[in-house]
$ cat structure07.pdb   # PDB, C-alpha atoms
MODEL        1
ATOM      1  CA  MET Z 165      71.540  98.363 119.102  1.00  0.00           C
ATOM      2  CA  LEU Z 166      73.814 100.696 117.157  1.00  0.00           C
ATOM      3  CA  SER Z 167      74.386 104.197 118.426  1.00  0.00           C
ATOM      4  CA  ALA Z 168      73.755 107.228 116.260  1.00  0.00           C
ATOM      5  CA  ARG Z 169      77.506 107.638 115.812  1.00  0.00           C
ATOM      6  CA  HIS Z 170      77.908 104.077 114.506  1.00  0.00           C
ATOM      7  CA  ARG Z 171      74.945 104.432 112.155  1.00  0.00           C
ATOM      8  CA  ARG Z 172      76.430 107.655 110.797  1.00  0.00           C
ATOM      9  CA  ALA Z 173      79.815 105.973 110.262  1.00  0.00           C
ATOM     10  CA  ILE Z 174      78.189 103.058 108.432  1.00  0.00           C
ATOM     11  CA  ARG Z 175      76.140 105.432 106.285  1.00  0.00           C
ATOM     12  CA  LEU Z 176      79.290 107.425 105.438  1.00  0.00           C
ATOM     13  CA  SER Z 177      81.190 104.230 104.566  1.00  0.00           C
ATOM     14  CA  LEU Z 178      78.380 103.105 102.288  1.00  0.00           C
ATOM     15  CA  GLN Z 179      78.490 106.522 100.630  1.00  0.00           C
ATOM     16  CA  PHE Z 180      82.214 106.087  99.925  1.00  0.00           C
ATOM     17  CA  ILE Z 181      81.749 102.556  98.560  1.00  0.00           C
ATOM     18  CA  ALA Z 182      78.614 103.349  96.511  1.00  0.00           C
ATOM     19  CA  PRO Z 183      80.525 104.263  93.314  1.00  0.00           C
ATOM     20  CA  TYR Z 184      82.128 100.815  93.431  1.00  0.00           C
ATOM     21  CA  ARG Z 185      78.970  98.803  94.127  1.00  0.00           C
ATOM     22  CA  TRP Z 186      79.394  96.559  91.064  1.00  0.00           C
ATOM     23  CA  GLN Z 187      82.955  95.688  92.017  1.00  0.00           C
ATOM     24  CA  ALA Z 188      81.833  95.080  95.600  1.00  0.00           C
ATOM     25  CA  LEU Z 189      79.037  92.834  94.320  1.00  0.00           C
ATOM     26  CA  GLY Z 190      81.551  90.945  92.156  1.00  0.00           C
ATOM     27  CA  ALA Z 191      83.868  90.517  95.140  1.00  0.00           C
ATOM     28  CA  LEU Z 192      80.965  89.271  97.266  1.00  0.00           C
ATOM     29  CA  LEU Z 193      79.952  86.806  94.554  1.00  0.00           C
ATOM     30  CA  ALA Z 194      83.549  85.554  94.253  1.00  0.00           C
ATOM     31  CA  LEU Z 195      83.661  85.255  98.034  1.00  0.00           C
ATOM     32  CA  ILE Z 196      80.514  83.129  98.111  1.00  0.00           C
ATOM     33  CA  VAL Z 197      81.743  80.911  95.259  1.00  0.00           C
ATOM     34  CA  THR Z 198      85.172  80.352  96.816  1.00  0.00           C
ATOM     35  CA  ALA Z 199      83.655  79.599 100.216  1.00  0.00           C
ATOM     36  CA  GLY Z 200      81.336  77.070  98.585  1.00  0.00           C
ATOM     37  CA  ILE Z 201      84.199  75.453  96.701  1.00  0.00           C
ATOM     38  CA  THR Z 202      86.341  75.290  99.828  1.00  0.00           C
ATOM     39  CA  LEU Z 203      83.487  73.625 101.693  1.00  0.00           C
ATOM     40  CA  SER Z 204      82.985  71.153  98.833  1.00  0.00           C
ATOM     41  CA  MET Z 205      86.655  70.100  98.772  1.00  0.00           C
ATOM     42  CA  GLY Z 206      85.942  67.438 101.392  1.00  0.00           C
ATOM     43  CA  GLN Z 207      83.329  65.905  99.106  1.00  0.00           C
ATOM     44  CA  GLY Z 208      85.832  66.013  96.237  1.00  0.00           C
ATOM     45  CA  ILE Z 209      88.358  64.085  98.303  1.00  0.00           C
ATOM     46  CA  ARG Z 210      85.630  61.642  99.357  1.00  0.00           C
ATOM     47  CA  LEU Z 211      84.747  61.007  95.705  1.00  0.00           C
ATOM     48  CA  LEU Z 212      88.411  60.604  94.852  1.00  0.00           C
ATOM     49  CA  VAL Z 213      88.869  57.960  97.527  1.00  0.00           C
ATOM     50  CA  ASP Z 214      85.481  56.201  97.254  1.00  0.00           C
ATOM     51  CA  GLN Z 215      85.090  56.108  93.475  1.00  0.00           C
ATOM     52  CA  GLY Z 216      88.682  56.210  92.335  1.00  0.00           C
ATOM     53  CA  VAL Z 217      90.894  54.437  94.812  1.00  0.00           C
ATOM     54  CA  ALA Z 218      88.422  52.068  96.532  1.00  0.00           C
ATOM     55  CA  THR Z 219      86.868  50.735  93.310  1.00  0.00           C
ATOM     56  CA  GLN Z 220      90.271  50.521  91.593  1.00  0.00           C
ATOM     57  CA  SER Z 221      88.637  51.756  88.416  1.00  0.00           C
ATOM     58  CA  GLN Z 222      91.032  53.799  86.293  1.00  0.00           C
ATOM     59  CA  ALA Z 223      88.191  55.670  84.562  1.00  0.00           C
ATOM     60  CA  ALA Z 224      86.524  56.605  87.869  1.00  0.00           C
ATOM     61  CA  LEU Z 225      89.882  57.675  89.291  1.00  0.00           C
ATOM     62  CA  ASN Z 226      90.602  59.872  86.262  1.00  0.00           C
ATOM     63  CA  GLN Z 227      87.121  61.394  86.470  1.00  0.00           C
ATOM     64  CA  SER Z 228      87.519  62.109  90.204  1.00  0.00           C
ATOM     65  CA  ILE Z 229      90.958  63.656  89.689  1.00  0.00           C
ATOM     66  CA  GLY Z 230      89.571  65.776  86.829  1.00  0.00           C
ATOM     67  CA  LEU Z 231      86.694  67.003  88.997  1.00  0.00           C
ATOM     68  CA  PHE Z 232      89.064  67.787  91.838  1.00  0.00           C
ATOM     69  CA  PHE Z 233      91.355  69.685  89.423  1.00  0.00           C
ATOM     70  CA  VAL Z 234      88.390  71.736  88.146  1.00  0.00           C
ATOM     71  CA  LEU Z 235      87.447  72.582  91.748  1.00  0.00           C
ATOM     72  CA  VAL Z 236      90.997  73.705  92.543  1.00  0.00           C
ATOM     73  CA  LEU Z 237      91.184  75.769  89.344  1.00  0.00           C
ATOM     74  CA  ALA Z 238      87.819  77.429  90.087  1.00  0.00           C
ATOM     75  CA  LEU Z 239      88.991  78.120  93.635  1.00  0.00           C
ATOM     76  CA  ALA Z 240      92.164  79.774  92.334  1.00  0.00           C
ATOM     77  CA  VAL Z 241      90.253  81.948  89.851  1.00  0.00           C
ATOM     78  CA  GLY Z 242      87.642  82.906  92.446  1.00  0.00           C
ATOM     79  CA  THR Z 243      90.268  83.726  95.069  1.00  0.00           C
ATOM     80  CA  PHE Z 244      92.226  85.865  92.602  1.00  0.00           C
ATOM     81  CA  THR Z 245      89.056  87.680  91.539  1.00  0.00           C
ATOM     82  CA  ARG Z 246      88.012  88.348  95.128  1.00  0.00           C
ATOM     83  CA  PHE Z 247      91.470  89.512  96.177  1.00  0.00           C
ATOM     84  CA  TYR Z 248      91.874  91.751  93.122  1.00  0.00           C
ATOM     85  CA  LEU Z 249      88.454  93.385  93.477  1.00  0.00           C
ATOM     86  CA  VAL Z 250      88.718  93.884  97.232  1.00  0.00           C
ATOM     87  CA  SER Z 251      92.210  95.370  96.889  1.00  0.00           C
ATOM     88  CA  TRP Z 252      91.032  97.572  94.013  1.00  0.00           C
ATOM     89  CA  ILE Z 253      88.085  98.851  96.058  1.00  0.00           C
ATOM     90  CA  GLY Z 254      90.337  99.419  99.093  1.00  0.00           C
ATOM     91  CA  GLU Z 255      92.766 101.518  97.039  1.00  0.00           C
ATOM     92  CA  ARG Z 256      89.998 103.662  95.529  1.00  0.00           C
ATOM     93  CA  PHE Z 257      88.267 103.985  98.902  1.00  0.00           C
ATOM     94  CA  VAL Z 258      91.413 105.256 100.611  1.00  0.00           C
ATOM     95  CA  ALA Z 259      92.326 107.586  97.740  1.00  0.00           C
ATOM     96  CA  TYR Z 260      88.878 109.152  97.942  1.00  0.00           C
ATOM     97  CA  ILE Z 261      89.066 109.534 101.728  1.00  0.00           C
ATOM     98  CA  ARG Z 262      92.533 111.090 101.514  1.00  0.00           C
ATOM     99  CA  MET Z 263      91.309 113.526  98.884  1.00  0.00           C
ATOM    100  CA  ARG Z 264      88.301 114.502 101.034  1.00  0.00           C
ATOM    101  CA  VAL Z 265      90.448 114.922 104.162  1.00  0.00           C
ATOM    102  CA  PHE Z 266      93.044 116.939 102.248  1.00  0.00           C
ATOM    103  CA  ASN Z 267      90.371 119.219 100.792  1.00  0.00           C
ATOM    104  CA  HIS Z 268      88.950 119.659 104.291  1.00  0.00           C
ATOM    105  CA  LEU Z 269      92.382 120.507 105.690  1.00  0.00           C
ATOM    106  CA  ILE Z 270      92.954 123.121 103.021  1.00  0.00           C
ATOM    107  CA  ASN Z 271      89.726 124.893 103.961  1.00  0.00           C
ATOM    108  CA  LEU Z 272      90.459 125.026 107.703  1.00  0.00           C
ATOM    109  CA  HIS Z 273      91.184 128.284 109.468  1.00  0.00           C
ATOM    110  CA  PRO Z 274      94.928 129.032 109.838  1.00  0.00           C
ATOM    111  CA  GLY Z 275      94.476 128.985 113.611  1.00  0.00           C
ATOM    112  CA  PHE Z 276      93.958 125.233 113.409  1.00  0.00           C
ATOM    113  CA  TYR Z 277      97.531 124.832 112.172  1.00  0.00           C
ATOM    114  CA  GLU Z 278      98.877 126.997 114.978  1.00  0.00           C
ATOM    115  CA  SER Z 279      97.362 124.745 117.638  1.00  0.00           C
ATOM    116  CA  ASN Z 280      98.123 121.396 115.926  1.00  0.00           C
ATOM    117  CA  ARG Z 281     101.516 120.105 114.854  1.00  0.00           C
ATOM    118  CA  SER Z 282     101.925 119.493 111.149  1.00  0.00           C
ATOM    119  CA  SER Z 283     103.561 116.105 111.773  1.00  0.00           C
ATOM    120  CA  GLU Z 284     100.484 114.934 113.689  1.00  0.00           C
ATOM    121  CA  ILE Z 285      98.193 116.080 110.881  1.00  0.00           C
ATOM    122  CA  GLN Z 286     100.362 114.336 108.302  1.00  0.00           C
ATOM    123  CA  SER Z 287     100.460 111.171 110.402  1.00  0.00           C
ATOM    124  CA  ARG Z 288      96.693 111.157 110.684  1.00  0.00           C
ATOM    125  CA  LEU Z 289      96.311 111.670 106.959  1.00  0.00           C
ATOM    126  CA  THR Z 290      98.575 108.758 106.038  1.00  0.00           C
ATOM    127  CA  ALA Z 291      98.472 106.260 108.915  1.00  0.00           C
ATOM    128  CA  ASP Z 292      94.751 106.359 109.635  1.00  0.00           C
ATOM    129  CA  THR Z 293      93.772 106.020 105.996  1.00  0.00           C
ATOM    130  CA  THR Z 294      96.261 103.176 105.571  1.00  0.00           C
ATOM    131  CA  LEU Z 295      94.602 101.428 108.490  1.00  0.00           C
ATOM    132  CA  LEU Z 296      91.236 101.890 106.790  1.00  0.00           C
ATOM    133  CA  GLN Z 297      92.716 100.447 103.611  1.00  0.00           C
ATOM    134  CA  THR Z 298      93.814  97.344 105.516  1.00  0.00           C
ATOM    135  CA  VAL Z 299      90.375  96.923 107.029  1.00  0.00           C
ATOM    136  CA  ILE Z 300      88.530  97.466 103.747  1.00  0.00           C
ATOM    137  CA  GLY Z 301      91.125  95.755 101.560  1.00  0.00           C
ATOM    138  CA  SER Z 302      91.627  92.488 103.404  1.00  0.00           C
ATOM    139  CA  SER Z 303      90.336  92.211 106.965  1.00  0.00           C
ATOM    140  CA  LEU Z 304      86.688  92.713 106.080  1.00  0.00           C
ATOM    141  CA  SER Z 305      86.934  90.217 103.231  1.00  0.00           C
ATOM    142  CA  MET Z 306      88.607  87.614 105.444  1.00  0.00           C
ATOM    143  CA  ALA Z 307      86.015  88.122 108.174  1.00  0.00           C
ATOM    144  CA  LEU Z 308      83.151  87.640 105.710  1.00  0.00           C
ATOM    145  CA  ARG Z 309      84.861  84.588 104.219  1.00  0.00           C
ATOM    146  CA  ASN Z 310      85.369  83.007 107.622  1.00  0.00           C
ATOM    147  CA  LEU Z 311      81.778  83.779 108.607  1.00  0.00           C
ATOM    148  CA  LEU Z 312      80.520  82.085 105.443  1.00  0.00           C
ATOM    149  CA  MET Z 313      82.809  79.117 106.090  1.00  0.00           C
ATOM    150  CA  LEU Z 314      81.475  78.835 109.637  1.00  0.00           C
ATOM    151  CA  ILE Z 315      77.853  78.955 108.504  1.00  0.00           C
ATOM    152  CA  GLY Z 316      78.535  76.497 105.660  1.00  0.00           C
ATOM    153  CA  GLY Z 317      80.436  74.172 107.962  1.00  0.00           C
ATOM    154  CA  ILE Z 318      77.584  74.150 110.464  1.00  0.00           C
ATOM    155  CA  ILE Z 319      75.043  73.471 107.726  1.00  0.00           C
TER
ENDMDL
END
$ encode --input "structure07.pdb" --output "structure tokens"
Amino acid sequence: MLSARHRRAIRLSLQFIAPYRWQALGALLALIVTAGITLSMGQGIRLLVDQGVATQSQAALNQSIGLFFVLVLALAVGTFTRFYLVSWIGERFVAYIRMRVFNHLINLHPGFYESNRSSEIQSRLTADTTLLQTVIGSSLSMALRNLLMLIGGII
């Protein structure tokens, strides 16, 4: 079960992503489509071999190659769409977090800056938010994609 701290972090993350819910939905849809296409590639190759090569029918071979080409093209478009939207959301997410942290730092008591080094504060502001950008921008998407591939492969 999730602790109160984890639930609060998830709720805060959802609050940051909420303005981009349509883009996140589009990225999720592209993720599902590309995972489905990737899983169907084996069937495309099977059709290519069974109907095109094994039957030695030129028309069936051309049809199988055309279908396979459409699958690859759809996979490329879906992958681009997913990558673009996830990267776009990651950039906006991090920009918003940096703005919130910066505004918080400005409102802190001057004593905070006497007890903390400015280089450490700057490092936290840039490095930690960049790490979040990596997680939101690519790692989360890859994890979801691999999870869908695993579930689809098992099915």
$ resolve_selection --input "structure07.pdb" --expression "the PyMOL selection byres ((chain Z and resi 242-253) around 7)" --output "list in words"
Tyr184, Gln187, Ala191, Ala194, Leu195, Val197, Thr198, Ala238, Leu239, Ala240, Val241, Gly254, Glu255, Arg256, Phe257, Gly301 and Ser302 of chain Z
$ write_last_selection --input "structure07.pdb" --atoms "C-alpha atoms" --output "PDB file, keeping the file's coordinate frame"
ATOM      1  CA  TYR Z 184      82.128 100.815  93.431  1.00  0.00           C
ATOM      2  CA  GLN Z 187      82.955  95.688  92.017  1.00  0.00           C
ATOM      3  CA  ALA Z 191      83.868  90.517  95.140  1.00  0.00           C
ATOM      4  CA  ALA Z 194      83.549  85.554  94.253  1.00  0.00           C
ATOM      5  CA  LEU Z 195      83.661  85.255  98.034  1.00  0.00           C
ATOM      6  CA  VAL Z 197      81.743  80.911  95.259  1.00  0.00           C
ATOM      7  CA  THR Z 198      85.172  80.352  96.816  1.00  0.00           C
ATOM      8  CA  ALA Z 238      87.819  77.429  90.087  1.00  0.00           C
ATOM      9  CA  LEU Z 239      88.991  78.120  93.635  1.00  0.00           C
ATOM     10  CA  ALA Z 240      92.164  79.774  92.334  1.00  0.00           C
ATOM     11  CA  VAL Z 241      90.253  81.948  89.851  1.00  0.00           C
ATOM     12  CA  GLY Z 254      90.337  99.419  99.093  1.00  0.00           C
ATOM     13  CA  GLU Z 255      92.766 101.518  97.039  1.00  0.00           C
ATOM     14  CA  ARG Z 256      89.998 103.662  95.529  1.00  0.00           C
ATOM     15  CA  PHE Z 257      88.267 103.985  98.902  1.00  0.00           C
ATOM     16  CA  GLY Z 301      91.125  95.755 101.560  1.00  0.00           C
ATOM     17  CA  SER Z 302      91.627  92.488 103.404  1.00  0.00           C
TER      18      SER Z 302
END
$ resolve_selection --input "structure07.pdb" --expression "the PyMOL selection byres ((chain Z and resi 201-212) around 8)" --output "VMD selection string"
chain Z and resid 197 to 200 213 to 217 225 228 to 229 231 to 232 235 238 to 239 313 316 to 317
$ closest_residue --input "structure07.pdb" --among "Z:Asn271, Z:Gln297, Z:Ser303, Z:Asn310" --to "Ala259 of chain Z" --atoms "all atoms listed in the file"
Z:Gln297
$ atom_distance --input "structure07.pdb" --atom1 "atom CA of Arg175 of chain Z" --atom2 "atom CA of Thr294 of chain Z"
20.3 Å
$ atom_distance --input "structure07.pdb" --atom1 "atom CA of Leu311 of chain Z" --atom2 "atom CA of Ser167 of chain Z"
23.8 Å
